[in-house]
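Below: final35.txt (compact mmCIF, C-alpha atoms)
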```
# COMPACT_ATOMS: atom_id res chain seq x y z
CA MET F 1 -1.72 77.34 124.95
CA ASP F 2 -1.70 75.76 121.53
CA THR F 3 -4.70 75.88 119.20
CA ARG F 4 -5.72 72.26 119.78
CA ALA F 5 -5.75 72.72 123.55
CA PHE F 6 -7.85 75.90 123.16
CA ARG F 7 -10.36 74.04 121.02
CA ARG F 8 -10.69 71.31 123.66
CA LEU F 9 -11.40 73.90 126.37
CA ARG F 10 -13.74 76.04 124.25
CA PRO F 11 -17.41 75.58 125.23
CA ALA F 12 -19.47 73.61 122.74
CA ASN F 13 -21.43 75.84 120.40
CA PRO F 14 -23.34 73.50 118.06
CA VAL F 15 -25.65 76.20 116.66
CA GLY F 16 -22.79 78.54 115.88
CA ASP F 17 -20.70 75.79 114.32
CA LEU F 18 -23.61 74.71 112.12
CA LEU F 19 -24.44 78.24 111.01
CA ARG F 20 -20.82 79.07 110.27
CA GLY F 21 -20.40 75.86 108.31
CA TRP F 22 -23.53 76.42 106.22
CA ARG F 23 -22.69 80.07 105.66
CA THR F 24 -19.24 79.07 104.41
CA ARG F 25 -20.71 76.48 102.04
CA ARG F 26 -23.11 79.08 100.69
CA ALA F 27 -20.23 81.57 100.30
CA LEU F 28 -22.12 84.17 102.35
CA SER F 29 -20.62 86.79 104.63
CA GLN F 30 -22.18 87.50 108.02
CA ALA F 31 -23.56 90.74 106.61
CA GLU F 32 -25.16 88.98 103.64
CA LEU F 33 -26.75 86.26 105.76
CA ALA F 34 -27.98 88.74 108.37
CA PHE F 35 -29.59 90.84 105.63
CA GLU F 36 -31.30 87.81 104.06
CA ALA F 37 -32.55 86.63 107.45
CA GLY F 38 -33.71 90.10 108.56
CA ILE F 39 -31.58 90.26 111.69
CA SER F 40 -28.66 92.43 112.76
CA ILE F 41 -25.07 91.50 111.93
CA LYS F 42 -24.21 91.88 115.62
CA HIS F 43 -26.85 89.38 116.70
CA LEU F 44 -25.74 86.86 114.07
CA SER F 45 -22.14 87.30 115.17
CA TYR F 46 -23.11 86.67 118.80
CA VAL F 47 -25.07 83.56 117.85
CA GLU F 48 -22.17 82.18 115.81
CA THR F 49 -19.68 82.79 118.63
CA GLY F 50 -21.99 81.52 121.36
CA LYS F 51 -22.33 84.90 123.12
CA ALA F 52 -26.09 84.87 122.52
CA ALA F 53 -28.72 82.17 122.11
CA ALA F 54 -30.97 82.36 119.10
CA SER F 55 -34.72 81.98 119.46
CA ARG F 56 -36.64 79.34 117.54
CA ASP F 57 -37.98 81.97 115.14
CA ILE F 58 -34.51 83.39 114.48
CA LEU F 59 -33.14 79.93 113.74
CA LEU F 60 -35.96 79.29 111.27
CA GLN F 61 -35.30 82.66 109.62
CA LEU F 62 -31.62 81.79 109.27
CA ALA F 63 -32.44 78.32 107.95
CA SER F 64 -34.72 79.85 105.34
CA ALA F 65 -32.09 82.39 104.32
CA LEU F 66 -29.55 79.57 103.97
CA ASP F 67 -32.07 77.53 101.93
CA LEU F 68 -31.54 74.50 104.15
CA SER F 69 -33.36 71.25 103.57
CA LEU F 70 -36.07 70.30 106.06
CA ARG F 71 -33.73 67.67 107.52
CA ASP F 72 -31.04 70.28 108.13
CA ARG F 73 -33.59 72.75 109.55
CA ASN F 74 -34.56 70.12 112.09
CA ALA F 75 -30.88 69.58 112.94
CA LEU F 76 -30.37 73.31 113.48
CA LEU F 77 -33.41 73.53 115.75
CA GLU F 78 -32.27 70.52 117.79
CA ALA F 79 -28.79 72.03 118.14
CA GLY F 80 -30.48 75.12 119.60
CA GLY F 81 -32.43 73.03 122.11
CA PHE F 82 -35.77 73.13 120.29
CA ALA F 83 -38.05 70.38 119.05
CA ARG F 84 -38.11 69.44 115.39
CA GLN F 85 -40.39 71.48 113.17
CA TYR F 86 -40.85 68.99 110.34
CA GLY F 87 -42.04 65.40 110.50
CA GLU F 88 -40.34 62.43 108.87
CA ARG F 89 -42.93 59.74 108.25
CA ASP F 90 -42.90 56.54 106.26
CA LEU F 91 -44.56 56.88 102.88
CA SER F 92 -47.03 54.16 103.88
CA THR F 93 -48.54 56.19 106.75
CA PRO F 94 -52.14 57.45 106.36
CA GLU F 95 -50.96 61.07 106.66
CA LEU F 96 -49.13 60.76 103.34
CA ALA F 97 -51.96 59.04 101.49
CA GLU F 98 -52.60 62.05 99.21
CA ALA F 99 -48.94 62.24 98.26
CA ARG F 100 -48.91 58.50 97.51
CA ARG F 101 -51.92 58.86 95.25
CA ALA F 102 -50.24 61.69 93.37
CA ILE F 103 -47.08 59.63 92.91
CA ASP F 104 -49.04 56.58 91.80
CA LEU F 105 -50.86 58.68 89.21
CA LEU F 106 -47.60 60.11 87.87
CA LEU F 107 -46.14 56.64 87.44
CA LEU F 108 -49.29 55.26 85.83
CA ARG F 109 -49.74 58.14 83.38
CA HIS F 110 -46.12 57.83 82.26
CA GLU F 111 -46.67 54.32 80.83
CA PRO F 112 -45.38 52.81 78.60
CA PHE F 113 -42.26 54.79 79.49
CA PRO F 114 -40.17 54.05 82.61
CA ALA F 115 -40.49 56.02 85.84
CA ILE F 116 -39.12 55.37 89.32
CA VAL F 117 -39.28 56.95 92.77
CA THR F 118 -36.07 57.19 94.82
CA ASP F 119 -35.27 58.34 98.33
CA ARG F 120 -32.41 60.59 99.38
CA ARG F 121 -29.96 57.65 99.24
CA TRP F 122 -31.04 56.83 95.66
CA ASN F 123 -32.82 53.65 96.77
CA VAL F 124 -35.65 52.76 94.41
CA MET F 125 -38.83 52.97 96.47
CA GLN F 126 -41.29 52.44 93.65
CA ALA F 127 -41.30 51.78 89.90
CA ASN F 128 -43.97 51.73 87.28
CA ARG F 129 -44.56 48.61 85.16
CA ALA F 130 -42.51 50.01 82.26
CA ALA F 131 -39.45 50.47 84.47
CA SER F 132 -39.89 47.00 85.98
CA ARG F 133 -40.23 45.47 82.50
CA LEU F 134 -37.11 47.14 81.21
CA MET F 135 -35.00 46.29 84.27
CA THR F 136 -36.24 42.69 84.26
CA MET F 137 -35.36 42.36 80.58
CA LEU F 138 -31.85 43.63 81.25
CA LEU F 139 -31.03 42.18 84.67
CA GLY F 140 -33.31 39.15 84.90
CA PRO F 141 -36.18 38.38 87.30
CA LEU F 142 -33.98 37.11 90.14
CA ARG F 143 -32.16 40.45 90.42
CA MET F 144 -35.50 42.26 90.63
CA GLN F 145 -36.33 40.39 93.83
CA ARG F 146 -33.60 42.28 95.69
CA PRO F 147 -33.55 46.02 96.55
CA LEU F 148 -32.42 48.38 93.80
CA ASN F 149 -30.32 51.49 94.12
CA HIS F 150 -30.49 53.84 91.15
CA MET F 151 -26.84 54.93 91.37
CA ARG F 152 -25.42 51.51 92.10
CA MET F 153 -27.39 49.92 89.24
CA PHE F 154 -25.54 52.08 86.74
CA LEU F 155 -22.16 52.37 88.46
CA ALA F 156 -21.52 48.79 89.62
CA PRO F 157 -19.68 46.64 87.06
CA ASP F 158 -22.03 43.65 87.55
CA GLU F 159 -25.40 45.36 87.09
CA LEU F 160 -26.43 47.61 84.18
CA LYS F 161 -22.95 48.57 83.02
CA PRO F 162 -22.68 45.79 80.37
CA PHE F 163 -25.91 47.02 78.78
CA VAL F 164 -25.13 50.77 78.72
CA GLU F 165 -23.53 51.61 75.39
CA ASN F 166 -22.42 55.09 76.53
CA TRP F 167 -21.50 54.04 80.07
CA PRO F 168 -18.53 56.41 80.60
CA ILE F 169 -20.72 59.44 79.88
CA VAL F 170 -23.65 58.17 81.95
CA ALA F 171 -21.44 57.12 84.86
CA ALA F 172 -19.64 60.48 84.93
CA ALA F 173 -22.97 62.36 84.92
CA LEU F 174 -24.42 60.21 87.71
CA LEU F 175 -21.27 60.53 89.80
CA ALA F 176 -21.36 64.31 89.40
CA ARG F 177 -24.98 64.35 90.55
CA ALA F 178 -24.33 62.02 93.49
CA ARG F 179 -21.29 64.04 94.55
CA HIS F 180 -23.24 67.29 94.36
CA GLU F 181 -26.09 65.90 96.48
CA ALA F 182 -23.71 64.36 99.03
CA MET F 183 -21.74 67.60 99.37
CA ALA F 184 -25.00 69.49 99.91
CA ALA F 185 -25.90 67.27 102.89
CA PRO F 186 -22.69 66.78 104.90
CA LEU F 187 -24.60 66.12 108.14
CA ASP F 188 -26.69 63.31 106.68
CA GLU F 189 -24.76 60.25 107.89
CA ALA F 190 -26.99 57.80 106.00
CA LEU F 191 -26.43 59.61 102.72
CA GLN F 192 -22.70 60.01 103.39
CA SER F 193 -22.45 56.26 104.09
CA THR F 194 -24.12 55.43 100.77
CA TRP F 195 -21.86 57.91 98.95
CA ARG F 196 -18.77 56.25 100.46
CA GLU F 197 -20.07 52.83 99.33
CA LEU F 198 -20.49 54.13 95.79
CA MET F 199 -16.98 55.57 95.77
CA ARG F 200 -15.56 52.15 96.67
CA LEU F 201 -17.00 50.57 93.52
CA PRO F 202 -14.31 49.49 91.02
CA GLN F 203 -13.63 51.04 87.61
CA LEU F 204 -15.39 54.36 88.28
CA PRO F 205 -14.65 57.31 85.98
CA GLU F 206 -12.06 59.71 87.32
CA ALA F 207 -13.49 62.36 89.61
CA THR F 208 -13.39 65.96 88.46
CA GLU F 209 -12.83 69.06 90.55
CA ASP F 210 -15.85 70.78 89.04
CA ASN F 211 -18.26 71.53 91.90
CA ALA F 212 -20.93 73.07 89.70
CA ALA F 213 -24.41 71.58 89.83
CA PRO F 214 -24.73 68.79 87.26
CA GLY F 215 -26.98 69.23 84.26
CA PRO F 216 -30.55 67.92 84.53
CA LEU F 217 -30.52 65.72 81.42
CA CYS F 218 -28.34 62.85 80.29
CA GLU F 219 -29.02 60.41 77.46
CA VAL F 220 -28.73 56.70 78.31
CA ARG F 221 -28.30 54.16 75.51
CA LEU F 222 -29.35 50.66 76.65
CA ARG F 223 -28.93 47.51 74.56
CA LYS F 224 -29.40 43.79 75.08
CA GLY F 225 -29.24 41.65 71.99
CA ASP F 226 -31.46 43.10 69.29
CA ILE F 227 -33.34 45.42 71.68
CA GLY F 228 -31.97 48.96 71.92
CA VAL F 229 -33.55 51.80 73.89
CA GLY F 230 -32.36 55.38 74.23
CA LEU F 231 -33.73 57.30 77.20
CA ILE F 232 -33.45 60.79 78.58
CA GLY F 233 -34.61 61.48 82.13
CA ALA F 234 -36.10 64.34 84.10
CA VAL F 235 -36.15 64.54 87.89
CA LEU F 236 -39.30 65.83 89.58
CA THR F 237 -39.69 66.88 93.22
CA LEU F 238 -42.92 67.26 95.17
CA GLY F 239 -43.48 71.02 95.28
CA THR F 240 -42.96 72.53 98.75
CA PRO F 241 -43.75 69.69 101.18
CA GLN F 242 -43.66 70.16 104.94
CA ASP F 243 -42.49 66.60 105.53
CA VAL F 244 -38.86 65.48 105.37
CA THR F 245 -39.68 62.23 103.59
CA LEU F 246 -41.68 63.94 100.85
CA GLN F 247 -39.06 66.62 100.28
CA GLU F 248 -36.38 64.01 99.75
CA LEU F 249 -38.32 61.87 97.28
CA ARG F 250 -37.39 62.11 93.62
CA VAL F 251 -39.61 60.99 90.76
CA GLU F 252 -37.38 60.11 87.81
CA MET F 253 -39.28 59.98 84.53
CA PHE F 254 -37.58 58.66 81.39
CA MET F 255 -38.64 59.48 77.82
CA PRO F 256 -37.52 57.76 74.58
CA VAL F 257 -35.00 59.78 72.59
CA ASP F 258 -36.24 58.64 69.18
CA ALA F 259 -39.01 56.76 67.39
CA ALA F 260 -37.11 53.46 67.46
CA SER F 261 -36.74 53.65 71.24
CA GLU F 262 -40.41 54.49 71.65
CA ALA F 263 -41.35 51.53 69.46
CA ALA F 264 -39.16 49.22 71.55
CA LEU F 265 -40.83 50.33 74.79
CA VAL F 266 -44.29 49.95 73.28
CA ALA F 267 -43.38 46.43 72.09
CA LEU F 268 -42.19 45.47 75.59
CA ALA F 269 -45.48 46.74 77.00
CA ALA F 270 -47.43 44.69 74.47
CA GLN F 271 -45.62 41.51 75.57
CA ASP F 272 -46.70 42.22 79.15
CA ALA F 273 -50.35 42.88 78.25
```
Write out the structure in this file as structure tokens.
Amino acid sequence: MDTRAFRRLRPANPVGDLLRGWRTRRALSQAELAFEAGISIKHLSYVETGKAAASRDILLQLASALDLSLRDRNALLEAGGFARQYGERDLSTPELAEARRAIDLLLLRHEPFPAIVTDRRWNVMQANRAASRLMTMLLGPLRMQRPLNHMRMFLAPDELKPFVENWPIVAAALLARARHEAMAAPLDEALQSTWRELMRLPQLPEATEDNAAPGPLCEVRLRKGDIGVGLIGAVLTLGTPQDVTLQELRVEMFMPVDAASEAALVALAAQDA
């Protein structure tokens, strides 16, 4: 029997396949993962091969040892026949009211400097007035009536690219970040779909084979006419949430790189007062 025929006849083992795949991505041996999870190597081997079924607690221990996202922990539990552990609620639900207030306060206190909130697909969910002012100045009010995607805004040739003076550097940094996040979530079909859409954009910088995590900071030089603004961003996450939606939110806060950029942002805010 050839290998392909054997694979077709082999019983499905979704838990084992997931664990083996994640362990490979984390470059962990069975012994290393078993030690981190506090279980025996033999039991882990049996779970991976389908000879034994893992309990809910064991799966959660393994997920923690693998440092899986809440979305992937839910997927592992469902593969094992268990209910999801972590909720995934819309940010507008009453249960997330405290988180919304915290995010609103972050955005407000960051004025007159730009700040945005993005989801796992880099869609802009919320923006403070400074970010809206800057984007409106660059892209025009009609563009601001349609949904924004943080990655696409910078990578597409017909959006921010004409106004980014150091576009090759910025685009390469954003692509490295997007690639890293997409590779870290191979089971997330929605994210993978967005990543494929980004990769189909024209005139992208050449991809590199460097799989290291991208650096946290990248300077962006924006200019339209006489107005020039240099920004450097920091990405914040919401602590240790027990909700999938909250874990996947990113608050991106941009600071001026010099006095001239700060003055330009303050002047834009004054026009909007």
Distance of atom CA of F:Glu252 from atom CA of F:Gly233, expressed in Å to one decimal place =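 A separation of 6.5 Å between them.
Excluding stretch 78-93 of chain F and any residue on its chain fewer than 5 positions from it, the residues at most 10 Å away by only C-alpha atoms are Asn13, Pro14, Val15, Gly16, Asp17, Leu18, Ala53, Ala54, Ser55, Arg56, Leu59, Leu60, Leu70, Arg71, Asp72, Arg73, Ala99, Arg100, Met125, Pro241, Gln242, Asp243, Val244, Thr245, Leu246, Gln247 and Leu249 of chain F.
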For stretch 132-135 of chain F, list every protein, DNA or RNA residue within 9 Å, evaluated using all atoms listed in the file, and leave out those in the same chain fewer than 6 positions away; present the list as an MDAnalysis selection string.
-> chainID F and resid 114 141 143:144 160 265 268:269 272
Using only C-alpha atoms, determine which residues lie at most 10 Å from F:Ile39, disregarding the query and same-chain residues fewer than 4 positions distant; provide the list as number ranges by chain.
-> F: 31, 33-35, 43-44, 58, 61-62
Residue with smallest distance to F:Asn149 - pool F:Ala263, F:Ala182, F:Val124, F:Met137, counting only C-alpha atoms = F:Val124
Which residue out of F:Val170, F:Leu105, F:Val164, F:Ala115 has the minimum interatomic distance to F:Ala130 when all atoms listed in the file are used?
->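 Smallest separation from F:Ala130 among the options: F:Ala115.
Between atom CA of F:Glu219 and atom CA of F:Glu165 the interatomic distance comes to 10.6 Å.
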